[in-house]
>>> print(open('query_10.txt').read())   # compact mmCIF, C-alpha atoms
# COMPACT_ATOMS: atom_id res chain seq x y z
CA MET A 447 7.06 -34.20 -22.50
CA ALA A 448 7.44 -30.91 -20.75
CA THR A 449 4.32 -28.85 -20.50
CA LEU A 450 3.44 -25.31 -19.65
CA GLN A 451 1.21 -24.52 -16.73
CA VAL A 452 -1.11 -21.90 -18.13
CA GLU A 453 -3.39 -19.59 -16.18
CA LEU A 454 -5.79 -17.27 -17.91
CA VAL A 455 -6.88 -14.66 -15.40
CA ALA A 456 -9.39 -11.91 -15.95
CA VAL A 457 -10.06 -9.28 -13.33
CA GLU A 458 -13.41 -10.69 -12.32
CA ARG A 459 -12.47 -14.36 -12.29
CA LEU A 460 -9.98 -17.05 -13.17
CA ILE A 461 -11.13 -18.08 -16.63
CA TRP A 462 -9.06 -21.10 -17.37
CA SER A 463 -6.09 -22.95 -16.00
CA GLY A 464 -4.46 -26.09 -17.21
CA GLU A 465 -1.57 -27.60 -19.09
CA ALA A 466 -0.51 -26.61 -22.55
CA SER A 467 2.26 -27.42 -24.96
CA MET A 468 2.47 -24.00 -26.52
CA VAL A 469 1.13 -20.46 -26.17
CA ILE A 470 1.01 -18.05 -29.09
CA ALA A 471 0.37 -14.39 -28.38
CA ARG A 472 0.82 -11.02 -29.98
CA THR A 473 2.55 -8.42 -27.85
CA THR A 474 2.90 -4.78 -28.75
CA GLU A 475 6.27 -5.72 -30.25
CA GLY A 476 5.14 -8.62 -32.39
CA GLU A 477 4.02 -12.24 -32.54
CA LEU A 478 5.45 -14.51 -29.92
CA GLY A 479 5.40 -18.24 -29.32
CA VAL A 480 6.12 -19.71 -25.92
CA LEU A 481 7.24 -23.30 -25.58
CA PRO A 482 8.08 -25.12 -22.34
CA GLY A 483 11.38 -23.90 -20.93
CA HIS A 484 11.01 -20.39 -22.32
CA ALA A 485 13.04 -17.69 -20.60
CA PRO A 486 11.12 -15.57 -18.10
CA LEU A 487 9.29 -12.84 -19.92
CA LEU A 488 6.86 -10.03 -19.29
CA GLY A 489 4.97 -8.68 -22.24
CA GLN A 490 2.11 -6.35 -22.93
CA LEU A 491 -0.48 -7.86 -25.24
CA ALA A 492 -1.44 -5.88 -28.29
CA GLU A 493 -4.83 -4.19 -28.15
CA GLY A 494 -7.46 -6.33 -29.78
CA GLY A 495 -5.04 -9.23 -29.72
CA VAL A 496 -5.77 -12.91 -29.70
CA VAL A 497 -3.96 -15.50 -27.63
CA THR A 498 -3.84 -19.11 -28.73
CA VAL A 499 -3.21 -21.81 -26.17
CA ARG A 500 -2.39 -25.26 -27.57
CA THR A 501 -3.49 -27.64 -24.86
CA THR A 502 -1.74 -30.92 -24.21
CA GLU A 503 -4.67 -32.72 -25.86
CA GLY A 504 -3.61 -30.97 -29.03
CA GLU A 505 -6.59 -28.70 -29.23
CA ASP A 506 -6.20 -25.00 -29.84
CA MET A 507 -8.01 -22.73 -27.45
CA VAL A 508 -8.34 -19.24 -28.80
CA VAL A 509 -8.89 -16.40 -26.40
CA ALA A 510 -9.77 -12.77 -27.02
CA ALA A 511 -7.90 -10.82 -24.35
CA HIS A 512 -8.34 -7.09 -23.86
CA GLY A 513 -5.91 -4.88 -22.02
CA GLY A 514 -3.70 -7.73 -21.04
CA PHE A 515 -0.25 -8.82 -20.04
CA LEU A 516 1.64 -12.02 -20.55
CA SER A 517 3.99 -13.26 -17.90
CA VAL A 518 6.22 -16.27 -18.42
CA SER A 519 8.13 -17.56 -15.43
CA ASP A 520 9.62 -20.85 -14.36
CA ARG A 521 6.25 -21.63 -12.81
CA GLY A 522 4.37 -21.31 -16.07
CA VAL A 523 2.54 -18.81 -18.17
CA SER A 524 -0.07 -16.43 -16.88
CA ILE A 525 -2.19 -14.27 -19.10
CA LEU A 526 -3.63 -11.28 -17.28
CA ALA A 527 -6.46 -9.47 -18.95
CA GLU A 528 -9.05 -6.92 -18.00
CA THR A 529 -11.59 -9.00 -19.82
CA ALA A 530 -11.03 -12.22 -21.69
CA GLU A 531 -13.27 -14.61 -23.55
CA ILE A 532 -12.67 -18.11 -24.81
CA SER A 533 -13.62 -18.51 -28.48
CA SER A 534 -16.22 -21.19 -27.77
CA GLU A 535 -18.04 -18.79 -25.46
CA ILE A 536 -18.11 -15.93 -27.91
CA ASP A 537 -21.44 -15.03 -29.42
CA VAL A 538 -20.51 -14.20 -33.02
CA GLU A 539 -23.80 -12.50 -33.79
CA ARG A 540 -23.54 -10.22 -30.82
CA ALA A 541 -19.91 -9.36 -31.54
CA ARG A 542 -20.84 -8.47 -35.14
CA GLU A 543 -23.67 -6.34 -33.89
CA ALA A 544 -21.34 -4.60 -31.41
CA LEU A 545 -18.80 -3.99 -34.15
CA ARG A 546 -21.43 -2.53 -36.46
CA ARG A 547 -22.75 -0.26 -33.72
CA ALA A 548 -19.25 0.88 -32.77
CA GLU A 549 -18.32 1.62 -36.37
CA GLU A 550 -21.32 3.88 -36.77
CA ARG A 551 -19.89 6.25 -34.21
CA SER A 552 -16.28 5.91 -35.26
CA ASP A 553 -15.28 9.41 -34.14
CA ASP A 554 -15.81 8.58 -30.46
CA PRO A 555 -12.66 7.16 -28.78
CA GLU A 556 -14.77 4.86 -26.64
CA ALA A 557 -16.48 3.48 -29.70
CA LEU A 558 -13.08 2.85 -31.27
CA ALA A 559 -12.02 0.82 -28.24
CA ALA A 560 -15.32 -1.05 -28.42
CA ALA A 561 -14.74 -1.73 -32.10
CA ARG A 562 -11.29 -3.13 -31.41
CA ARG A 563 -12.71 -5.36 -28.70
CA ALA A 564 -15.40 -6.61 -31.03
CA GLN A 565 -12.83 -7.26 -33.75
CA SER A 566 -10.63 -9.31 -31.46
CA ARG A 567 -13.69 -11.26 -30.32
CA LEU A 568 -14.54 -12.04 -33.91
CA ARG A 569 -10.97 -12.94 -34.77
CA ALA A 570 -10.81 -15.26 -31.79
CA ALA A 571 -14.00 -16.92 -32.96
CA GLY A 572 -12.32 -17.60 -36.28
CA GLN A 573 -14.30 -15.06 -38.28
CA ASP A 574 -12.90 -12.77 -40.91
CA VAL A 575 -12.91 -9.13 -39.95
CA MET B 833 -62.90 1.94 24.17
CA ALA B 834 -63.91 0.37 20.90
CA GLY B 835 -61.94 3.02 19.03
CA ASN B 836 -58.82 2.17 21.01
CA LEU B 837 -59.12 -1.51 20.15
CA ARG B 838 -59.53 -0.73 16.48
CA ALA B 839 -56.45 1.52 16.51
CA LEU B 840 -54.40 -1.20 18.18
CA ARG B 841 -55.49 -3.79 15.63
CA ARG B 842 -54.50 -1.45 12.82
CA ARG B 843 -51.07 -0.95 14.33
CA ILE B 844 -50.57 -4.69 14.70
CA ARG B 845 -51.42 -5.22 11.05
CA SER B 846 -49.04 -2.52 9.86
CA THR B 847 -46.24 -3.78 12.11
CA GLN B 848 -46.71 -7.25 10.73
CA SER B 849 -46.52 -6.08 7.15
CA THR B 850 -43.37 -4.02 7.75
CA LYS B 851 -41.90 -7.06 9.42
CA LYS B 852 -42.51 -8.99 6.21
CA ILE B 853 -40.60 -6.35 4.27
CA PHE B 854 -37.71 -6.48 6.75
CA SER B 855 -37.39 -10.21 6.66
CA ALA B 856 -37.53 -10.23 2.86
CA GLN B 857 -34.71 -7.66 2.82
CA GLU B 858 -32.80 -9.79 5.27
CA LEU B 859 -33.06 -12.83 3.03
CA ILE B 860 -32.02 -10.87 -0.06
CA ALA B 861 -29.02 -9.38 1.73
CA GLY B 862 -28.06 -12.83 2.97
CA ALA B 863 -28.02 -14.18 -0.57
CA ARG B 864 -26.06 -11.15 -1.75
CA ILE B 865 -23.32 -11.64 0.86
CA VAL B 866 -22.62 -15.11 -0.44
CA ARG B 867 -22.45 -13.82 -4.00
CA ALA B 868 -20.30 -10.84 -3.03
CA GLN B 869 -17.90 -13.07 -1.15
CA ALA B 870 -17.61 -15.36 -4.14
CA ARG B 871 -16.76 -12.35 -6.29
CA VAL B 872 -14.10 -11.19 -3.83
CA GLU B 873 -12.59 -14.68 -4.04
CA ALA B 874 -12.82 -14.75 -7.83
CA SER B 875 -10.97 -11.47 -8.15
CA LYS B 876 -8.02 -12.67 -6.08
CA PRO B 877 -6.05 -14.56 -8.76
CA TYR B 878 -5.75 -11.41 -10.85
CA ALA B 879 -4.69 -9.29 -7.87
CA ARG B 880 -2.08 -11.89 -6.97
CA GLU B 881 -0.73 -12.12 -10.50
CA ILE B 882 -0.58 -8.38 -11.08
CA THR B 883 1.28 -7.91 -7.79
CA ARG B 884 3.74 -10.62 -8.79
CA VAL B 885 4.31 -9.04 -12.18
CA LEU B 886 4.78 -5.64 -10.59
CA SER B 887 7.31 -6.94 -8.13
CA ALA B 888 9.19 -8.58 -10.98
CA LEU B 889 9.17 -5.24 -12.77
CA ALA B 890 10.11 -3.16 -9.75
CA GLY B 891 13.69 -4.34 -9.81
CA SER B 892 14.22 -3.69 -13.49
CA ALA B 893 12.37 -0.49 -14.22
CA SER B 894 13.43 2.87 -12.95
CA LEU B 895 11.09 3.64 -10.09
CA ASP B 896 10.46 7.27 -10.93
CA HIS B 897 6.98 6.70 -12.32
CA PRO B 898 4.63 9.49 -11.15
CA LEU B 899 2.40 6.95 -9.42
CA LEU B 900 5.34 5.85 -7.30
CA THR B 901 7.10 9.07 -6.44
CA GLU B 902 6.19 11.20 -3.48
CA ARG B 903 5.45 14.75 -4.62
CA GLN B 904 7.15 17.66 -3.02
CA ASP B 905 4.74 19.96 -1.28
CA PRO B 906 1.46 18.08 -1.89
CA ARG B 907 -1.43 20.58 -1.91
CA ARG B 908 -4.51 18.66 -2.94
CA ALA B 909 -5.58 15.15 -2.09
CA ALA B 910 -8.38 13.20 -3.72
CA VAL B 911 -10.47 11.12 -1.35
CA LEU B 912 -12.60 8.36 -2.81
CA VAL B 913 -15.44 7.39 -0.47
CA ILE B 914 -17.34 4.20 -1.07
CA THR B 915 -20.86 4.25 0.35
CA SER B 916 -24.04 2.41 -0.56
CA ASP B 917 -26.81 3.42 -2.93
CA ARG B 918 -29.62 2.36 -0.63
CA GLY B 919 -30.18 2.78 3.06
CA PHE B 920 -31.56 0.08 5.36
CA ALA B 921 -28.00 -0.90 6.18
CA GLY B 922 -27.69 0.12 9.80
CA SER B 923 -24.59 2.09 10.64
CA TYR B 924 -22.75 1.11 7.44
CA ASN B 925 -22.76 4.52 5.78
CA VAL B 926 -22.43 6.47 9.02
CA ASN B 927 -19.25 4.60 9.86
CA VAL B 928 -17.64 5.12 6.46
CA LEU B 929 -18.54 8.79 6.45
CA ARG B 930 -17.22 9.26 9.98
CA ARG B 931 -13.94 7.64 8.98
CA THR B 932 -13.85 9.96 5.97
CA GLU B 933 -14.33 13.03 8.15
CA GLU B 934 -11.37 11.91 10.24
CA LEU B 935 -9.22 11.54 7.16
CA LEU B 936 -10.36 14.91 5.82
CA SER B 937 -9.44 16.76 8.98
CA LEU B 938 -6.11 14.96 9.08
CA LEU B 939 -5.40 16.03 5.51
CA ARG B 940 -6.38 19.60 6.30
CA GLN B 941 -4.03 19.59 9.27
CA GLU B 942 -1.25 18.54 6.95
CA GLY B 943 -2.07 21.53 4.80
CA LYS B 944 -3.65 19.58 1.97
CA GLU B 945 -6.96 20.49 0.49
CA PRO B 946 -9.14 17.39 0.17
CA LEU B 947 -11.27 16.79 -2.91
CA LEU B 948 -14.19 14.42 -2.56
CA TYR B 949 -15.00 11.67 -5.03
CA VAL B 950 -18.07 9.80 -3.88
CA VAL B 951 -19.38 6.38 -4.83
CA GLY B 952 -22.95 5.64 -3.79
CA ARG B 953 -26.10 7.68 -3.50
CA LYS B 954 -26.02 7.82 0.31
CA GLY B 955 -22.65 9.53 0.38
CA GLU B 956 -23.80 11.90 -2.32
CA THR B 957 -26.86 13.01 -0.35
CA TYR B 958 -24.82 13.30 2.83
CA TYR B 959 -22.44 15.81 1.28
CA SER B 960 -24.91 17.70 -0.86
CA PHE B 961 -27.17 18.14 2.19
CA ARG B 962 -24.23 19.79 3.95
CA HIS B 963 -23.47 21.94 0.92
CA ARG B 964 -20.04 20.43 0.51
CA THR B 965 -18.63 20.36 -2.98
CA MET B 966 -17.80 17.01 -4.51
CA ALA B 967 -15.39 16.67 -7.38
CA ASP B 968 -17.28 13.76 -8.86
CA THR B 969 -19.91 11.20 -7.94
CA PHE B 970 -20.60 7.70 -9.18
CA THR B 971 -23.84 5.95 -8.37
CA GLY B 972 -25.92 2.96 -9.27
CA PHE B 973 -23.57 0.02 -8.73
CA SER B 974 -22.70 -0.09 -5.03
CA GLU B 975 -24.27 -3.48 -4.41
CA GLN B 976 -22.90 -5.26 -7.45
CA PRO B 977 -19.87 -3.42 -8.80
CA ASN B 978 -18.43 -4.46 -12.13
CA TYR B 979 -14.89 -4.01 -13.26
CA VAL B 980 -16.17 -1.52 -15.82
CA ASP B 981 -17.41 0.67 -12.95
CA ALA B 982 -14.03 0.49 -11.24
CA GLN B 983 -12.40 1.41 -14.52
CA ARG B 984 -14.57 4.48 -14.85
CA VAL B 985 -13.70 5.62 -11.33
CA GLY B 986 -10.04 4.74 -11.84
CA GLU B 987 -9.81 6.71 -15.05
CA VAL B 988 -11.16 9.84 -13.38
CA LEU B 989 -8.87 9.51 -10.37
CA ILE B 990 -5.70 8.65 -12.26
CA GLY B 991 -6.51 11.44 -14.70
CA ALA B 992 -6.75 13.93 -11.83
CA PHE B 993 -3.54 12.57 -10.40
CA THR B 994 -1.57 12.94 -13.62
CA ASP B 995 -3.05 16.42 -14.08
CA GLY B 996 -1.56 17.33 -10.73
CA GLU B 997 1.93 16.30 -11.72
CA ASP B 998 3.02 19.69 -13.00
CA ASP B 999 0.95 21.84 -10.63
CA ASP B 1000 2.89 24.72 -9.30
CA GLY B 1001 1.82 25.31 -5.71
CA ASP B 1002 -1.77 26.52 -5.90
CA GLY B 1003 -1.67 27.41 -9.57
CA PRO B 1004 -2.21 24.96 -12.39
CA GLY B 1005 1.00 24.06 -14.15
CA ALA B 1006 1.83 23.79 -17.80
CA ASP B 1007 -1.32 21.86 -18.72
CA GLY B 1008 -3.58 24.52 -17.17
CA VAL B 1009 -5.56 21.99 -15.14
CA LEU B 1010 -5.53 21.70 -11.38
CA GLY B 1011 -4.99 18.11 -10.40
CA VAL B 1012 -4.35 16.26 -7.17
CA ASP B 1013 -1.13 15.11 -5.56
CA GLU B 1014 -2.43 12.17 -3.58
CA LEU B 1015 -5.16 9.56 -3.91
CA HIS B 1016 -6.87 8.16 -0.85
CA ILE B 1017 -9.67 5.66 -0.57
CA VAL B 1018 -12.12 5.07 2.27
CA TYR B 1019 -14.13 1.87 2.18
CA THR B 1020 -15.45 -0.80 4.50
CA GLU B 1021 -13.29 -3.83 4.89
CA PHE B 1022 -15.08 -7.13 5.17
CA ARG B 1023 -13.38 -8.97 8.04
CA SER B 1024 -16.16 -11.44 8.75
CA LEU B 1025 -19.91 -11.67 8.71
CA LEU B 1026 -19.98 -9.96 12.09
CA SER B 1027 -17.27 -7.40 11.72
CA GLN B 1028 -16.86 -4.85 8.97
CA VAL B 1029 -14.41 -2.06 9.60
CA PRO B 1030 -14.16 1.21 7.71
CA VAL B 1031 -10.58 1.77 6.59
CA ALA B 1032 -8.73 4.61 4.88
CA LYS B 1033 -5.82 3.83 2.62
CA ARG B 1034 -3.55 5.77 0.35
CA MET B 1035 -3.48 4.51 -3.20
CA ALA B 1036 -1.10 6.91 -4.85
CA PRO B 1037 1.71 7.59 -4.63
CA LEU B 1038 1.77 3.89 -3.86
CA GLU B 1039 2.58 3.28 -0.21
CA VAL B 1040 6.30 3.26 0.26
CA GLU B 1041 6.41 -0.01 2.15
CA GLU B 1042 4.87 -1.76 -0.76
CA VAL B 1043 7.48 -0.59 -3.20
CA GLU B 1044 10.12 -1.49 -0.67
CA GLU B 1045 8.59 -4.88 -0.43
CA PHE B 1046 9.03 -5.30 -4.15
CA GLU B 1047 12.57 -4.11 -3.88
CA HIS B 1048 13.35 -6.43 -1.03
CA GLU B 1049 12.03 -9.31 -2.99
CA GLN B 1050 14.16 -8.29 -5.89
CA GLU B 1051 17.20 -7.79 -3.66
CA ASP B 1052 16.69 -11.21 -2.22
CA ARG B 1053 16.67 -12.60 -5.69
CA GLU B 1054 19.78 -10.70 -6.59
CA ARG B 1055 21.51 -11.96 -3.49
CA GLY B 1056 20.48 -15.40 -4.62
CA VAL B 1057 22.29 -14.78 -7.86
CA ALA B 1058 25.38 -13.52 -6.08
CA ARG B 1059 25.61 -16.59 -3.91
CA GLY B 1060 25.05 -18.71 -6.93
CA SER B 1061 23.29 -21.39 -4.98
CA GLY B 1062 21.44 -21.98 -1.74
CA ALA B 1063 18.49 -19.81 -2.76
CA SER B 1064 15.40 -21.98 -2.81
CA GLU B 1065 13.81 -20.03 -5.63
CA VAL B 1066 15.58 -19.90 -8.94
CA PRO B 1067 16.48 -16.24 -9.53
CA THR B 1068 14.50 -14.85 -12.39
CA SER B 1069 15.69 -12.13 -14.66
CA TYR B 1070 12.86 -11.28 -16.96
CA GLU B 1071 12.91 -10.29 -20.57
CA PHE B 1072 10.62 -7.37 -21.22
CA GLU B 1073 8.57 -6.74 -24.24
CA PRO B 1074 8.30 -3.72 -24.65
CA SER B 1075 10.85 -2.20 -22.27
CA ALA B 1076 10.38 -2.38 -18.51
CA ASP B 1077 9.56 1.31 -18.20
CA VAL B 1078 6.86 1.18 -20.85
CA LEU B 1079 5.41 -1.91 -19.19
CA LEU B 1080 5.38 -0.22 -15.80
CA ASP B 1081 3.61 2.72 -17.37
CA ALA B 1082 0.87 0.46 -18.68
CA LEU B 1083 0.70 -1.73 -15.63
CA LEU B 1084 0.52 0.76 -12.75
CA PRO B 1085 -2.81 2.36 -13.68
CA LYS B 1086 -4.26 -1.16 -14.04
CA TYR B 1087 -2.88 -2.03 -10.64
CA VAL B 1088 -4.53 1.02 -9.08
CA THR B 1089 -7.79 0.21 -10.86
CA SER B 1090 -7.68 -3.36 -9.64
CA ARG B 1091 -7.24 -2.07 -6.10
CA ILE B 1092 -10.24 0.20 -6.49
CA TYR B 1093 -12.19 -2.77 -7.80
CA ALA B 1094 -11.12 -4.91 -4.84
CA ALA B 1095 -12.18 -2.15 -2.46
CA MET B 1096 -15.58 -1.89 -4.16
CA LEU B 1097 -16.13 -5.62 -3.90
CA GLU B 1098 -15.25 -5.63 -0.21
CA ALA B 1099 -17.51 -2.66 0.36
CA ALA B 1100 -20.34 -4.44 -1.44
CA ALA B 1101 -19.91 -7.51 0.73
CA SER B 1102 -19.82 -5.33 3.85
CA GLU B 1103 -22.90 -3.44 2.74
CA SER B 1104 -24.91 -6.62 2.37
CA ALA B 1105 -23.65 -7.94 5.69
CA SER B 1106 -24.58 -4.72 7.48
CA ARG B 1107 -27.95 -4.69 5.78
CA ARG B 1108 -28.66 -8.24 6.77
CA ARG B 1109 -27.78 -7.52 10.37
CA ALA B 1110 -29.84 -4.32 10.44
CA MET B 1111 -32.82 -6.08 8.86
CA LYS B 1112 -32.53 -8.99 11.25
CA SER B 1113 -32.78 -6.74 14.29
CA ALA B 1114 -35.51 -4.68 12.61
CA SER B 1115 -37.66 -7.73 11.99
CA ASP B 1116 -36.96 -8.98 15.53
CA ASN B 1117 -38.05 -5.61 16.87
CA ALA B 1118 -41.14 -5.60 14.71
CA GLU B 1119 -42.08 -9.00 16.04
CA GLU B 1120 -41.57 -7.87 19.62
CA LEU B 1121 -43.68 -4.80 18.95
CA ALA B 1122 -46.45 -6.85 17.38
CA LYS B 1123 -46.46 -9.14 20.40
CA ASN B 1124 -46.72 -6.25 22.87
CA LEU B 1125 -49.42 -4.63 20.81
CA SER B 1126 -51.48 -7.78 20.66
CA ARG B 1127 -51.24 -8.10 24.45
CA LEU B 1128 -52.61 -4.57 24.73
CA ALA B 1129 -55.28 -5.37 22.19
CA ASN B 1130 -56.35 -8.46 24.14
CA GLN B 1131 -56.53 -6.43 27.32
CA ALA B 1132 -58.65 -3.82 25.62
CA ARG B 1133 -60.92 -6.49 24.18
CA GLN B 1134 -61.38 -8.14 27.58
CA ALA B 1135 -62.02 -4.80 29.25
CA GLU B 1136 -64.67 -4.12 26.63
CA ILE B 1137 -66.37 -7.45 27.26
CA THR B 1138 -66.24 -6.96 31.04
CA GLN B 1139 -67.79 -3.57 30.68
CA GLU B 1140 -70.57 -4.91 28.45
CA ILE B 1141 -71.35 -7.67 30.93
CA SER B 1142 -71.42 -5.29 33.89
CA GLU B 1143 -73.69 -2.96 31.92
CA ILE B 1144 -76.09 -5.83 31.15
CA VAL B 1145 -76.01 -7.07 34.72
CA GLY B 1146 -76.46 -3.52 36.00
CA GLY B 1147 -79.41 -3.03 33.61
CA ALA B 1148 -81.02 -6.33 34.70
CA ASP B 1149 -80.57 -5.45 38.35
CA ALA B 1150 -82.21 -2.11 37.77
CA LEU B 1151 -85.16 -3.79 36.03
CA VAL B 1152 -85.58 -6.30 38.88
CA ALA B 1153 -85.43 -3.46 41.43
CA ALA B 1154 -88.07 -1.50 39.47
CA ASN B 1155 -90.40 -4.58 39.33
CA THR B 1156 -90.21 -5.30 43.08
CA ASP B 1157 -91.05 -1.68 43.88
CA ASP B 1158 -94.40 -2.01 42.14
>>> encode(input="query_10.txt", output="structure tokens")
Amino acid sequence: MATLQVELVAVERLIWSGEASMVIARTTEGELGVLPGHAPLLGQLAEGGVVTVRTTEGEDMVVAAHGGFLSVSDRGVSILAETAEISSEIDVERAREALRRAEERSDDPEALAAARRAQSRLRAAGQDV
Amino acid sequence: MAGNLRALRRRIRSTQSTKKIFSAQELIAGARIVRAQARVEASKPYAREITRVLSALAGSASLDHPLLTERQDPRRAAVLVITSDRGFAGSYNVNVLRRTEELLSLLRQEGKEPLLYVVGRKGETYYSFRHRTMADTFTGFSEQPNYVDAQRVGEVLIGAFTDGEDDDGDGPGADGVLGVDELHIVYTEFRSLLSQVPVAKRMAPLEVEEVEEFEHEQEDRERGVARGSGASEVPTSYEFEPSADVLLDALLPKYVTSRIYAAMLEAAASESASRRRAMKSASDNAEELAKNLSRLANQARQAEITQEISEIVGGADALVAANTDD
């Protein structure tokens, strides 16, 4: 079976790379699923978006990616993000705390961005926001 | 004589304790270099990918983005200088600042007014001591820069650059804010553990060769399409979501920021390398000094003993002489 070579790259380090059977992402235009053999594509990920990578073992890896791009080429899929976190590494308590703090100062644009980041972290961790 | 010996001993003790400080600094810097190098390595995949994405975009988007176009009659140029927060790093800061001065006078010759943006406390003190105005300063992260720090710097610089887009000669344009027409960066490139070289680069408008490089790549691909076969790489024509121009808009500032980040990481590695070298020679010198001082101290001690003996002998002789006289 054909697989996708997926690279998840954050600015500070390569977070994950491996094989996957499918990648689901939300771009600024809408939800998008990438299967092996997808046409080359460049997309901007929606702010506070979540990317799901279905690995060849059949497990879903959910990633919170902030300020990111998705590039699909014949070589595979690369997800570029300013910061990215894999769901299993997300500290739900801390994200909730961050969200609560950010919502208290909701008039500040920086706090809004922080709130969106916290929301996407929580969503990636499978929590309701 | 006794006072001299005591002074020497005190100096030996203080030299030895400064030497301890130097060698501790040397060890810390050594550990930091390794970490900084690892971070430079870790940041490479992103830089590679973002360059690849940009080159894919370059062929499809119209290349008239403000960050790419050369401005007519550039009047002001922002210069970002990356120095360290702490001293004890040998000639590291001096070299960067000297390179900056060269760039500044070059810019002035070209009729552009340079604006200083300084990273690091050492650069800040250098310019404020000389009563030179700085547009902005950023301190507190020179040894271990985070991407967030680079983002903060990038935002300020790109903001100033976009403000300068509509400037009319020396007067602010429609937005009423004076901006800059060029962005330059001066930092220390980490070539190896032994050689770190201060370099000055232009970040925006992005160097023309680079854009051409993207275009060439794209042309090559297009030629590949025209020939239909023979090209080793399958020609890629990307779909864009949203449109290529919107993507370029979002991507270019991130590209500039990632270059600032890369420069900061290199500078941090260079800083630690310079510091380690400076501290190594400082602790070597301290050891040398302690050795010379202890030689002097030994001499003084021996001279003291010799004098005491000759005094005793002289005294005994005098007593014997007095007794025989009787």
>>> closest_residue(input="query_10.txt", among="B:Phe1072, B:Val985, B:Pro946, B:Asp1077", to="Leu895 (chain B)", atoms="only C-alpha atoms")
B:Asp1077
>>> residues_around(input="query_10.txt", residues="Ser519 (chain A)", least_positions_apart="3", cutoff="7 Å", atoms="all atoms listed in the file", output="PyMOL selection string")
chain A and resi 486-487+522-523
>>> write_last_selection(input="query_10.txt", atoms="C-alpha atoms", output="PDB file, keeping the file's coordinate frame")
ATOM      1  CA  PRO A 486      11.120 -15.570 -18.100  1.00  0.00           C
ATOM      2  CA  LEU A 487       9.290 -12.840 -19.920  1.00  0.00           C
ATOM      3  CA  GLY A 522       4.370 -21.310 -16.070  1.00  0.00           C
ATOM      4  CA  VAL A 523       2.540 -18.810 -18.170  1.00  0.00           C
TER       5      VAL A 523
END
>>> closest_atom_pairs(input="query_10.txt", of="chain A", to="chain B", cutoff="10 Å", atoms="only C-alpha atoms", output="CSV")
residue,atom,partner,partner_atom,distance
A:Glu453,CA,B:Pro877,CA,9.4
A:Leu454,CA,B:Tyr878,CA,9.2
A:Val455,CA,B:Tyr878,CA,5.7
A:Ala456,CA,B:Tyr878,CA,6.3
A:Val457,CA,B:Tyr878,CA,5.4
A:Glu458,CA,B:Ser875,CA,4.9
A:Arg459,CA,B:Ala874,CA,4.5
A:Leu460,CA,B:Pro877,CA,6.4
A:Ile461,CA,B:Ala874,CA,9.6
A:Thr473,CA,B:Glu1073,CA,7.2
A:Thr474,CA,B:Pro1074,CA,6.9
A:Glu475,CA,B:Pro1074,CA,6.3
A:Gly476,CA,B:Glu1073,CA,9.0
A:Ala485,CA,B:Tyr1070,CA,7.4
A:Pro486,CA,B:Tyr1070,CA,4.8
A:Leu487,CA,B:Glu1071,CA,4.5
A:Leu488,CA,B:Phe1072,CA,5.0
A:Gly489,CA,B:Glu1073,CA,4.6
A:Gln490,CA,B:Glu1073,CA,6.6
A:Leu491,CA,B:Glu1073,CA,9.2
A:Gly513,CA,B:Lys1086,CA,9.0
A:Gly514,CA,B:Leu1083,CA,9.2
A:Phe515,CA,B:Leu1083,CA,8.4
A:Leu516,CA,B:Val885,CA,9.3
A:Ser517,CA,B:Val885,CA,7.1
A:Val518,CA,B:Tyr1070,CA,8.4
A:Ser519,CA,B:Thr1068,CA,7.6
A:Asp520,CA,B:Thr1068,CA,8.0
A:Ser524,CA,B:Glu881,CA,7.7
A:Ile525,CA,B:Glu881,CA,9.0
A:Leu526,CA,B:Tyr878,CA,6.8
A:Ala527,CA,B:Tyr878,CA,8.4
A:Glu528,CA,B:Tyr979,CA,8.1
A:Thr529,CA,B:Tyr979,CA,8.9
>>> atom_distance(input="query_10.txt", atom1="CA of Ser1024 (chain B)", atom2="CA of Arg864 (chain B)")
14.4 Å
>>> atom_distance(input="query_10.txt", atom1="CA of His897 (chain B)", atom2="CA of Asp995 (chain B)")
14.1 Å
